[in-house]
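input.cif follows; it contains mmCIF, C-alpha atoms.
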```
data_input
#
loop_
_atom_site.label_atom_id
_atom_site.label_comp_id
_atom_site.auth_asym_id
_atom_site.auth_seq_id
_atom_site.Cartn_x
_atom_site.Cartn_y
_atom_site.Cartn_z
CA MET A 1 -70.29 161.49 -30.80
CA ARG A 2 -68.72 159.78 -33.83
CA ILE A 3 -69.31 161.48 -37.18
CA ASP A 4 -68.36 160.14 -40.64
CA LEU A 5 -69.01 162.63 -43.45
CA HIS A 6 -68.06 160.74 -46.62
CA THR A 7 -69.54 157.37 -47.66
CA HIS A 8 -70.81 155.69 -50.83
CA SER A 9 -73.63 153.25 -51.47
CA ASN A 10 -74.39 151.07 -54.49
CA VAL A 11 -76.30 154.00 -55.94
CA SER A 12 -72.85 155.07 -57.13
CA ASP A 13 -69.74 152.93 -56.66
CA GLY A 14 -70.19 151.41 -53.21
CA THR A 15 -71.47 147.89 -52.62
CA ASP A 16 -74.03 148.43 -49.81
CA GLU A 17 -77.59 149.52 -50.45
CA PRO A 18 -78.24 152.90 -48.77
CA ALA A 19 -80.26 151.40 -45.91
CA ALA A 20 -77.67 148.67 -45.36
CA LEU A 21 -74.94 151.32 -45.22
CA VAL A 22 -76.80 153.15 -42.44
CA GLU A 23 -77.36 149.87 -40.61
CA ALA A 24 -73.60 149.24 -40.79
CA ALA A 25 -72.99 152.78 -39.51
CA ALA A 26 -75.20 152.06 -36.52
CA ARG A 27 -73.32 148.84 -35.78
CA SER A 28 -70.06 150.79 -36.02
CA GLY A 29 -71.20 153.20 -33.32
CA LEU A 30 -71.63 156.22 -35.59
CA ALA A 31 -74.07 158.89 -34.46
CA VAL A 32 -73.89 160.75 -37.78
CA VAL A 33 -73.14 159.52 -41.29
CA ALA A 34 -73.22 161.44 -44.57
CA LEU A 35 -74.15 159.66 -47.78
CA THR A 36 -72.16 161.34 -50.55
CA ASP A 37 -72.67 159.28 -53.69
CA HIS A 38 -71.04 160.43 -56.90
CA ASP A 39 -73.07 163.00 -58.85
CA THR A 40 -76.48 161.77 -57.65
CA PHE A 41 -78.95 162.19 -54.79
CA ASP A 42 -80.87 159.00 -55.57
CA GLY A 43 -79.99 157.05 -52.40
CA LEU A 44 -80.62 159.79 -49.87
CA ASP A 45 -84.30 159.18 -49.09
CA GLU A 46 -83.70 155.49 -48.41
CA ALA A 47 -80.70 156.27 -46.23
CA GLN A 48 -82.53 158.94 -44.26
CA ALA A 49 -85.50 156.64 -43.63
CA ALA A 50 -83.13 154.00 -42.28
CA GLY A 51 -81.43 156.60 -40.10
CA GLU A 52 -84.73 157.69 -38.58
CA ARG A 53 -85.53 154.07 -37.80
CA LEU A 54 -82.12 153.34 -36.27
CA GLY A 55 -81.37 156.61 -34.51
CA VAL A 56 -78.51 157.59 -36.83
CA GLU A 57 -78.47 161.12 -38.19
CA VAL A 58 -78.04 160.97 -41.96
CA VAL A 59 -76.52 164.02 -43.62
CA ARG A 60 -77.70 164.49 -47.19
CA GLY A 61 -74.66 165.00 -49.38
CA VAL A 62 -73.08 164.45 -52.79
CA GLU A 63 -69.57 164.09 -54.21
CA LEU A 64 -69.18 166.06 -57.42
CA SER A 65 -66.72 165.14 -60.16
CA THR A 66 -64.68 168.25 -60.90
CA ARG A 67 -61.42 169.26 -62.53
CA TYR A 68 -58.71 171.74 -61.76
CA GLY A 69 -56.59 172.18 -64.85
CA ASP A 70 -56.14 168.73 -66.33
CA ASP A 71 -56.53 166.88 -63.03
CA SER A 72 -59.51 165.23 -61.37
CA VAL A 73 -60.67 166.71 -58.06
CA HIS A 74 -63.66 165.67 -55.96
CA LEU A 75 -65.87 168.14 -54.15
CA LEU A 76 -68.23 167.20 -51.31
CA GLY A 77 -71.47 169.16 -51.05
CA TYR A 78 -73.62 169.05 -47.91
CA GLY A 79 -77.18 170.22 -47.37
CA VAL A 80 -77.80 171.53 -50.88
CA ASP A 81 -81.23 172.24 -52.33
CA GLU A 82 -81.56 169.07 -54.38
CA THR A 83 -84.03 170.77 -56.74
CA ASP A 84 -81.67 173.62 -57.62
CA PRO A 85 -81.82 173.92 -61.44
CA ALA A 86 -78.18 174.86 -62.08
CA LEU A 87 -76.73 172.15 -59.87
CA SER A 88 -79.18 169.54 -61.19
CA ALA A 89 -78.31 170.36 -64.79
CA GLU A 90 -74.57 170.08 -64.19
CA MET A 91 -74.95 166.78 -62.34
CA ALA A 92 -77.01 165.42 -65.24
CA ALA A 93 -74.24 166.47 -67.66
CA ILE A 94 -71.64 164.69 -65.54
CA ARG A 95 -73.71 161.50 -65.45
CA ASP A 96 -74.24 161.70 -69.21
CA GLY A 97 -70.48 161.96 -69.66
CA ARG A 98 -70.05 158.80 -67.62
CA GLU A 99 -72.44 156.93 -69.91
CA ARG A 100 -70.88 158.24 -73.14
CA ARG A 101 -67.48 157.04 -71.94
CA LEU A 102 -68.72 153.44 -71.69
CA GLN A 103 -68.25 152.41 -75.35
CA ILE A 104 -64.91 154.20 -75.71
CA MET A 105 -63.44 152.71 -72.56
CA VAL A 106 -64.62 149.18 -73.30
CA GLN A 107 -63.00 149.40 -76.74
CA ARG A 108 -59.79 150.74 -75.21
CA LEU A 109 -59.66 147.82 -72.78
CA ASN A 110 -60.47 145.32 -75.55
CA ASP A 111 -57.56 146.70 -77.56
CA LEU A 112 -55.38 146.04 -74.52
CA GLY A 113 -56.54 142.43 -74.30
CA ILE A 114 -59.18 142.89 -71.57
CA MET A 115 -62.18 141.37 -73.32
CA ILE A 116 -65.04 142.70 -71.24
CA THR A 117 -68.24 144.01 -72.85
CA GLU A 118 -70.55 146.96 -72.26
CA GLU A 119 -73.15 144.52 -70.97
CA MET A 120 -70.71 143.20 -68.35
CA VAL A 121 -70.04 146.71 -67.06
CA LEU A 122 -73.73 147.62 -66.99
CA ALA A 123 -74.49 144.40 -65.10
CA GLN A 124 -72.06 145.47 -62.39
CA ALA A 125 -73.56 148.97 -62.24
CA GLY A 126 -77.08 147.63 -61.77
CA ASP A 127 -79.52 150.48 -61.23
CA SER A 128 -76.82 153.03 -60.40
CA PRO A 129 -77.34 156.30 -62.29
CA SER A 130 -73.65 157.10 -61.81
CA LEU A 131 -71.66 154.70 -64.00
CA GLY A 132 -67.98 154.80 -63.06
CA ARG A 133 -64.59 153.15 -63.32
CA PRO A 134 -65.27 150.94 -60.28
CA HIS A 135 -67.97 149.22 -62.33
CA PHE A 136 -65.40 148.54 -65.07
CA ALA A 137 -63.12 147.19 -62.37
CA ASP A 138 -65.85 144.92 -61.03
CA ALA A 139 -66.48 143.60 -64.54
CA MET A 140 -62.77 142.86 -64.88
CA VAL A 141 -62.79 141.02 -61.55
CA ALA A 142 -65.84 138.97 -62.56
CA HIS A 143 -64.18 138.16 -65.91
CA GLY A 144 -60.99 137.01 -64.19
CA ASP A 145 -58.71 139.72 -65.53
CA VAL A 146 -57.72 141.09 -62.12
CA ALA A 147 -58.02 140.00 -58.51
CA ASP A 148 -59.79 143.09 -57.17
CA ARG A 149 -60.58 146.76 -57.77
CA THR A 150 -57.21 147.84 -56.47
CA GLU A 151 -55.35 145.82 -59.09
CA ALA A 152 -57.72 147.03 -61.81
CA PHE A 153 -57.01 150.66 -60.98
CA ASP A 154 -53.29 150.24 -60.36
CA ARG A 155 -52.70 148.40 -63.65
CA TRP A 156 -55.39 149.71 -65.99
CA LEU A 157 -57.94 152.31 -64.85
CA ALA A 158 -56.26 155.04 -62.79
CA GLU A 159 -55.39 158.33 -64.45
CA GLY A 160 -52.27 157.81 -66.51
CA ARG A 161 -52.80 154.04 -66.84
CA PRO A 162 -53.43 152.49 -70.29
CA GLY A 163 -57.16 151.87 -69.88
CA TYR A 164 -58.06 155.32 -68.57
CA VAL A 165 -60.46 157.50 -70.57
CA GLY A 166 -61.40 160.99 -69.42
CA ARG A 167 -64.93 162.35 -69.29
CA HIS A 168 -66.89 165.53 -68.61
CA ALA A 169 -66.28 167.17 -65.25
CA VAL A 170 -67.14 170.66 -64.07
CA ASP A 171 -64.35 173.12 -63.20
CA LEU A 172 -63.68 173.13 -59.46
CA GLU A 173 -64.34 176.87 -59.16
CA ARG A 174 -67.75 176.52 -60.82
CA ALA A 175 -68.59 173.45 -58.73
CA ILE A 176 -67.96 175.37 -55.51
CA GLY A 177 -70.25 178.11 -56.78
CA LEU A 178 -72.95 175.60 -57.69
CA VAL A 179 -72.89 174.06 -54.20
CA ARG A 180 -72.92 177.47 -52.53
CA GLY A 181 -75.61 178.69 -54.92
CA ALA A 182 -77.79 175.74 -53.93
CA GLY A 183 -77.45 176.68 -50.26
CA GLY A 184 -74.92 174.00 -49.45
CA VAL A 185 -71.49 173.70 -47.88
CA ALA A 186 -68.51 172.87 -50.14
CA VAL A 187 -65.61 170.76 -48.82
CA VAL A 188 -62.78 169.53 -51.05
CA ALA A 189 -62.32 165.77 -50.69
CA HIS A 190 -58.89 164.22 -49.91
CA PRO A 191 -57.08 167.10 -51.67
CA TRP A 192 -53.54 165.78 -51.18
CA GLY A 193 -54.23 162.10 -51.72
CA ARG A 194 -52.84 160.12 -54.65
CA GLY A 195 -50.37 162.77 -55.73
CA ARG A 196 -52.82 165.67 -55.76
CA ALA A 197 -50.64 167.87 -53.54
CA GLU A 198 -49.09 169.19 -56.74
CA THR A 199 -52.55 169.89 -58.19
CA LEU A 200 -53.92 171.67 -55.12
CA PRO A 201 -51.01 173.27 -53.25
CA THR A 202 -51.80 175.70 -50.46
CA ASP A 203 -51.82 178.74 -52.75
CA VAL A 204 -54.48 177.15 -54.94
CA LEU A 205 -56.50 176.07 -51.92
CA GLN A 206 -56.25 179.61 -50.55
CA THR A 207 -57.57 180.99 -53.84
CA MET A 208 -60.47 178.54 -53.72
CA ILE A 209 -61.26 179.79 -50.21
CA THR A 210 -60.88 183.53 -50.66
CA GLU A 211 -62.07 183.94 -54.24
CA HIS A 212 -64.55 181.10 -54.72
CA GLY A 213 -65.93 180.36 -51.25
CA LEU A 214 -64.59 176.90 -50.49
CA ASP A 215 -65.87 176.10 -47.00
CA GLY A 216 -63.66 173.28 -45.85
CA ILE A 217 -60.99 170.65 -46.35
CA GLU A 218 -61.25 166.92 -45.75
CA VAL A 219 -58.08 166.44 -43.72
CA ASP A 220 -58.44 163.07 -42.01
CA HIS A 221 -58.69 160.56 -44.85
CA GLN A 222 -56.99 157.24 -45.53
CA ASP A 223 -55.20 158.70 -48.56
CA HIS A 224 -53.42 161.23 -46.28
CA ASP A 225 -50.51 160.11 -44.13
CA GLN A 226 -49.89 161.72 -40.75
CA GLN A 227 -47.48 164.33 -42.10
CA THR A 228 -49.98 165.33 -44.79
CA ARG A 229 -52.76 165.56 -42.25
CA ALA A 230 -50.68 167.78 -39.98
CA ALA A 231 -49.80 170.14 -42.83
CA LEU A 232 -53.38 170.36 -44.09
CA ARG A 233 -54.75 170.82 -40.57
CA ALA A 234 -52.35 173.69 -39.91
CA PHE A 235 -53.30 175.34 -43.20
CA ALA A 236 -57.05 174.89 -42.71
CA THR A 237 -56.84 176.20 -39.14
CA GLU A 238 -54.97 179.30 -40.29
CA ALA A 239 -57.47 179.79 -43.14
CA GLY A 240 -60.39 179.44 -40.74
CA VAL A 241 -62.24 176.81 -42.77
CA LEU A 242 -63.95 173.58 -41.77
CA ILE A 243 -61.78 170.55 -41.07
CA THR A 244 -63.50 167.22 -41.70
CA GLY A 245 -62.59 163.56 -41.38
CA SER A 246 -64.23 160.53 -42.90
CA SER A 247 -63.88 156.98 -44.10
CA ASP A 248 -64.76 157.32 -47.81
CA TYR A 249 -66.47 153.98 -47.24
CA HIS A 250 -67.36 151.88 -50.31
CA GLY A 251 -68.36 148.61 -48.64
CA THR A 252 -66.29 145.78 -50.09
CA GLY A 253 -65.34 148.03 -53.02
CA LYS A 254 -62.46 149.70 -51.19
CA VAL A 255 -60.22 148.09 -48.58
CA ASP A 256 -58.96 149.88 -45.45
CA HIS A 257 -61.81 152.40 -45.50
CA ASP A 258 -64.01 151.01 -42.73
CA LEU A 259 -66.85 153.16 -41.45
CA GLY A 260 -65.60 155.53 -38.77
CA CYS A 261 -61.91 154.92 -39.42
CA ASN A 262 -61.64 158.72 -39.57
CA THR A 263 -64.19 161.06 -38.03
CA THR A 264 -65.16 164.73 -37.87
CA ASP A 265 -64.96 166.72 -34.65
CA PRO A 266 -68.47 167.52 -33.33
CA GLU A 267 -67.59 171.22 -33.13
CA MET A 268 -66.79 171.24 -36.84
CA PHE A 269 -70.01 169.41 -37.60
CA ASP A 270 -71.95 172.01 -35.61
CA ARG A 271 -70.31 174.74 -37.71
CA LEU A 272 -71.26 172.90 -40.89
CA GLN A 273 -74.87 172.60 -39.75
CA ARG A 274 -75.03 176.29 -38.88
CA LEU A 275 -73.70 177.24 -42.31
CA VAL A 276 -76.32 175.11 -44.02
CA GLY A 277 -79.04 176.64 -41.86
CA GLU A 278 -77.90 180.17 -42.67
CA ARG A 279 -77.71 179.52 -46.40
CA ARG A 280 -80.99 177.65 -46.61
CA GLY A 281 -82.82 180.05 -44.31
CA GLN A 282 -83.55 177.25 -41.86
CA PRO A 283 -83.09 176.91 -38.10
CA SER A 284 -79.71 175.50 -37.12
CA GLY A 285 -79.92 171.72 -37.03
CA PRO A 286 -79.38 168.62 -39.16
CA ALA A 287 -78.03 169.30 -42.65
CA ALA A 288 -81.21 169.08 -44.70
#
```
How would this structure read if it were set down as structure tokens?
Amino acid sequence: MRIDLHTHSNVSDGTDEPAALVEAAARSGLAVVALTDHDTFDGLDEAQAAGERLGVEVVRGVELSTRYGDDSVHLLGYGVDETDPALSAEMAAIRDGRERRLQIMVQRLNDLGIMITEEMVLAQAGDSPSLGRPHFADAMVAHGDVADRTEAFDRWLAEGRPGYVGRHAVDLERAIGLVRGAGGVAVVAHPWGRGRAETLPTDVLQTMITEHGLDGIEVDHQDHDQQTRAALRAFATEAGVLITGSSDYHGTGKVDHDLGCNTTDPEMFDRLQRLVGERRGQPSGPAA
């Protein structure tokens, strides 16, 4: 049973429509796939309908944009009540922050000689309610400024690069509480990838677990080398939290993140499902 618990469709910054993503998951031999678009639930119904048609279990999820101190951290939420008022309000605020950044970031890039326009970025985003840096990157690719998203981020858009502009993000502690308050399961995404080991060392992760209710750690991820995975796995095992693995698939928007390249152990997935059932007052089963 192959289980991939972190993927993105074109409803956020992936390139596949939700149904096409599930079709690709089926071709890849996945029995379970979670759709975890950034700060939105909009693609979940389409994905779930495709899963029912194809015999792939679709886990309803989300990836929240959060901060710890001055650094960006991503939090995966599974099985939440998508009508929960507090979570819905915070997600709307995050999306609004993405939109308000548009003009500032385009001007910043123009000042740096990258002459894209707001219209170019919006054309790349399409109907996505979750406007993000990958859409800026795609506009830069289309305009001929860079070869691909990777170059756009490495040279211009990543944190600390000249084109980066921050935006609203909820504190990690509050985000965990929002997911738990909405009956969901909270798992920190790729916590030691891209230099974040200094942001989320084990003492901070332990505090998130014991004081704020963090449920799990995404250990097996392409941004973690084998040594990092071993250290995180040992820590998570000792802490008694969920250990997940996933692709962080973005279609053609991210290389070397093919569906199923990392997977979650079925026993861990069963634990996740039981937690959702307990918190939502539902029988143990698929993460609703």
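Nearest residue to Glu17 (chain A), choosing from A:Asp84, A:Asp265, A:Asp127, A:Asp256 and counting only C-alpha atoms: A:Asp127.
Residues captured in this structure file are Leu205, Gln206, Ile209, Thr210, Asp215, Gly216, Arg233, Ala234, Phe235, Ala236, Thr237, Glu238, Gly240, Val241 and Leu242 of chain A, according to the PyMOL selection byres ((chain A and resi 239) around 10).
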* **Shell of 12 Å around Val22 (chain A), all atoms listed in the file, local chain residues under 6 positions omitted, as a ChimeraX atom specification** => /A:4,7-9,16,28-35,43-59,249,251,259
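Computed from the coordinates, the CA of Pro191 (chain A) to CA of Asp71 (chain A) distance equals 11.4 Å.
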Run through the PyMOL selection byres ((chain A and resi 109) around 10) on the given coordinates and return the selected residues as a tab-separated table (two decimals) with C-alpha atoms, keeping the file's coordinate frame.
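And here is the file that came out, expr-v3.tsv:
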```
chain	number	residue	atom	x	y	z
A	104	ILE	CA	-64.91	154.20	-75.71
A	105	MET	CA	-63.44	152.71	-72.56
A	106	VAL	CA	-64.62	149.18	-73.30
A	107	GLN	CA	-63.00	149.40	-76.74
A	108	ARG	CA	-59.79	150.74	-75.21
A	110	ASN	CA	-60.47	145.32	-75.55
A	111	ASP	CA	-57.56	146.70	-77.56
A	112	LEU	CA	-55.38	146.04	-74.52
A	113	GLY	CA	-56.54	142.43	-74.30
A	114	ILE	CA	-59.18	142.89	-71.57
A	115	MET	CA	-62.18	141.37	-73.32
A	116	ILE	CA	-65.04	142.70	-71.24
A	117	THR	CA	-68.24	144.01	-72.85
A	136	PHE	CA	-65.40	148.54	-65.07
A	140	MET	CA	-62.77	142.86	-64.88
A	156	TRP	CA	-55.39	149.71	-65.99
A	157	LEU	CA	-57.94	152.31	-64.85
A	162	PRO	CA	-53.43	152.49	-70.29
A	163	GLY	CA	-57.16	151.87	-69.88
A	164	TYR	CA	-58.06	155.32	-68.57
A	165	VAL	CA	-60.46	157.50	-70.57
```
* Leaving out Leu272 (chain A) and any residue of its chain fewer than 4 positions from it, which residues lie within 8 Å of it when counting only C-alpha atoms, given as a ChimeraX atom specification? -> /A:185,242,268,276,287
* Asked: Evaluating the PyMOL selection byres ((chain A and resi 170) around 8) on the displayed file yields which residues, as a VMD selection string?
  -> chain A and resid 65 to 67 90 94 168 to 169 171 to 172 174 to 175
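Closest approach to Glu159 (chain A) from the set A:Arg60, A:His190, A:His143, A:Arg196 is made by A:Arg196, with distances taken over only C-alpha atoms.
Minimum atom-to-atom distance to Gly14 (chain A), evaluated using all atoms listed in the file, belongs to A:Gly126 out of A:Gly126, A:Gly193, A:Gly97, A:Gly61.
Excluding Asp96 (chain A) itself and any same-chain residue fewer than 5 positions from it, the protein and nucleic acid residues within 12 Å of it, counting only C-alpha atoms, are Asp39, Thr40, Ala89, Glu90, Met91, Arg101, Leu102, Pro129, Ser130, Leu131, Gly132, Arg167, His168 and Ala169 of chain A.
CA of Glu63 (chain A) is positioned 10.9 Å from CA of Leu5 (chain A).
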Missing atoms in region 27-38 of chain A need filling: write out all heavy atoms for it as a PDB file, in the frame of the given file.
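What ended up in rebuild-v1.pdb:
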```pdb
ATOM      1  N   ARG A  27     -74.113 149.904 -36.429  1.00  0.00           N
ATOM      2  CA  ARG A  27     -73.320 148.840 -35.780  1.00  0.00           C
ATOM      3  C   ARG A  27     -71.921 149.320 -35.457  1.00  0.00           C
ATOM      4  O   ARG A  27     -71.299 148.833 -34.494  1.00  0.00           O
ATOM      5  CB  ARG A  27     -73.261 147.604 -36.683  1.00  0.00           C
ATOM      6  CG  ARG A  27     -74.574 146.861 -36.833  1.00  0.00           C
ATOM      7  CD  ARG A  27     -74.359 145.489 -37.448  1.00  0.00           C
ATOM      8  NE  ARG A  27     -73.752 145.562 -38.776  1.00  0.00           N
ATOM      9  CZ  ARG A  27     -74.435 145.682 -39.902  1.00  0.00           C
ATOM     10  NH1 ARG A  27     -75.765 145.751 -39.876  1.00  0.00           N
ATOM     11  NH2 ARG A  27     -73.811 145.725 -41.068  1.00  0.00           N
ATOM     12  N   SER A  28     -71.409 150.261 -36.234  1.00  0.00           N
ATOM     13  CA  SER A  28     -70.060 150.790 -36.020  1.00  0.00           C
ATOM     14  C   SER A  28     -70.012 151.876 -34.953  1.00  0.00           C
ATOM     15  O   SER A  28     -68.940 152.418 -34.665  1.00  0.00           O
ATOM     16  CB  SER A  28     -69.503 151.349 -37.334  1.00  0.00           C
ATOM     17  OG  SER A  28     -69.403 150.341 -38.309  1.00  0.00           O
ATOM     18  N   GLY A  29     -71.167 152.211 -34.377  1.00  0.00           N
ATOM     19  CA  GLY A  29     -71.200 153.200 -33.320  1.00  0.00           C
ATOM     20  C   GLY A  29     -71.199 154.634 -33.802  1.00  0.00           C
ATOM     21  O   GLY A  29     -70.888 155.550 -33.029  1.00  0.00           O
ATOM     22  N   LEU A  30     -71.574 154.860 -35.069  1.00  0.00           N
ATOM     23  CA  LEU A  30     -71.630 156.220 -35.590  1.00  0.00           C
ATOM     24  C   LEU A  30     -72.955 156.872 -35.195  1.00  0.00           C
ATOM     25  O   LEU A  30     -74.022 156.276 -35.309  1.00  0.00           O
ATOM     26  CB  LEU A  30     -71.507 156.227 -37.108  1.00  0.00           C
ATOM     27  CG  LEU A  30     -70.130 155.853 -37.669  1.00  0.00           C
ATOM     28  CD1 LEU A  30     -70.196 155.708 -39.186  1.00  0.00           C
ATOM     29  CD2 LEU A  30     -69.087 156.895 -37.295  1.00  0.00           C
ATOM     30  N   ALA A  31     -72.866 158.110 -34.735  1.00  0.00           N
ATOM     31  CA  ALA A  31     -74.070 158.890 -34.460  1.00  0.00           C
ATOM     32  C   ALA A  31     -74.541 159.635 -35.690  1.00  0.00           C
ATOM     33  O   ALA A  31     -75.735 159.926 -35.839  1.00  0.00           O
ATOM     34  CB  ALA A  31     -73.801 159.884 -33.325  1.00  0.00           C
ATOM     35  N   VAL A  32     -73.601 159.973 -36.575  1.00  0.00           N
ATOM     36  CA  VAL A  32     -73.890 160.750 -37.780  1.00  0.00           C
ATOM     37  C   VAL A  32     -73.126 160.127 -38.938  1.00  0.00           C
ATOM     38  O   VAL A  32     -71.941 159.804 -38.815  1.00  0.00           O
ATOM     39  CB  VAL A  32     -73.461 162.225 -37.626  1.00  0.00           C
ATOM     40  CG1 VAL A  32     -73.771 163.015 -38.896  1.00  0.00           C
ATOM     41  CG2 VAL A  32     -74.126 162.861 -36.416  1.00  0.00           C
ATOM     42  N   VAL A  33     -73.805 159.982 -40.081  1.00  0.00           N
ATOM     43  CA  VAL A  33     -73.140 159.520 -41.290  1.00  0.00           C
ATOM     44  C   VAL A  33     -73.683 160.320 -42.469  1.00  0.00           C
ATOM     45  O   VAL A  33     -74.891 160.579 -42.554  1.00  0.00           O
ATOM     46  CB  VAL A  33     -73.333 158.010 -41.513  1.00  0.00           C
ATOM     47  CG1 VAL A  33     -74.798 157.652 -41.764  1.00  0.00           C
ATOM     48  CG2 VAL A  33     -72.452 157.506 -42.645  1.00  0.00           C
ATOM     49  N   ALA A  34     -72.802 160.757 -43.349  1.00  0.00           N
ATOM     50  CA  ALA A  34     -73.220 161.440 -44.570  1.00  0.00           C
ATOM     51  C   ALA A  34     -73.127 160.470 -45.737  1.00  0.00           C
ATOM     52  O   ALA A  34     -72.117 159.773 -45.898  1.00  0.00           O
ATOM     53  CB  ALA A  34     -72.325 162.652 -44.841  1.00  0.00           C
ATOM     54  N   LEU A  35     -74.189 160.407 -46.530  1.00  0.00           N
ATOM     55  CA  LEU A  35     -74.150 159.660 -47.780  1.00  0.00           C
ATOM     56  C   LEU A  35     -73.801 160.646 -48.890  1.00  0.00           C
ATOM     57  O   LEU A  35     -74.520 161.618 -49.118  1.00  0.00           O
ATOM     58  CB  LEU A  35     -75.489 158.978 -48.058  1.00  0.00           C
ATOM     59  CG  LEU A  35     -75.555 158.177 -49.370  1.00  0.00           C
ATOM     60  CD1 LEU A  35     -74.499 157.073 -49.385  1.00  0.00           C
ATOM     61  CD2 LEU A  35     -76.947 157.590 -49.577  1.00  0.00           C
ATOM     62  N   THR A  36     -72.692 160.390 -49.564  1.00  0.00           N
ATOM     63  CA  THR A  36     -72.160 161.340 -50.550  1.00  0.00           C
ATOM     64  C   THR A  36     -71.865 160.601 -51.854  1.00  0.00           C
ATOM     65  O   THR A  36     -70.715 160.550 -52.314  1.00  0.00           O
ATOM     66  CB  THR A  36     -70.893 162.023 -50.027  1.00  0.00           C
ATOM     67  OG1 THR A  36     -69.961 161.013 -49.593  1.00  0.00           O
ATOM     68  CG2 THR A  36     -71.201 162.951 -48.861  1.00  0.00           C
ATOM     69  N   ASP A  37     -72.883 160.014 -52.452  1.00  0.00           N
ATOM     70  CA  ASP A  37     -72.670 159.280 -53.690  1.00  0.00           C
ATOM     71  C   ASP A  37     -72.253 160.215 -54.812  1.00  0.00           C
ATOM     72  O   ASP A  37     -72.535 161.411 -54.796  1.00  0.00           O
ATOM     73  CB  ASP A  37     -73.937 158.505 -54.070  1.00  0.00           C
ATOM     74  CG  ASP A  37     -74.045 157.184 -53.328  1.00  0.00           C
ATOM     75  OD1 ASP A  37     -73.006 156.533 -53.133  1.00  0.00           O
ATOM     76  OD2 ASP A  37     -75.166 156.802 -52.936  1.00  0.00           O
ATOM     77  N   HIS A  38     -71.588 159.634 -55.812  1.00  0.00           N
ATOM     78  CA  HIS A  38     -71.040 160.430 -56.900  1.00  0.00           C
ATOM     79  C   HIS A  38     -72.131 160.969 -57.817  1.00  0.00           C
ATOM     80  O   HIS A  38     -72.853 160.201 -58.472  1.00  0.00           O
ATOM     81  CB  HIS A  38     -70.067 159.584 -57.725  1.00  0.00           C
ATOM     82  CG  HIS A  38     -68.818 159.211 -57.008  1.00  0.00           C
ATOM     83  ND1 HIS A  38     -67.797 160.105 -56.782  1.00  0.00           N
ATOM     84  CD2 HIS A  38     -68.420 158.045 -56.449  1.00  0.00           C
ATOM     85  CE1 HIS A  38     -66.820 159.497 -56.129  1.00  0.00           C
ATOM     86  NE2 HIS A  38     -67.177 158.251 -55.899  1.00  0.00           N
TER      87      HIS A  38
END
```
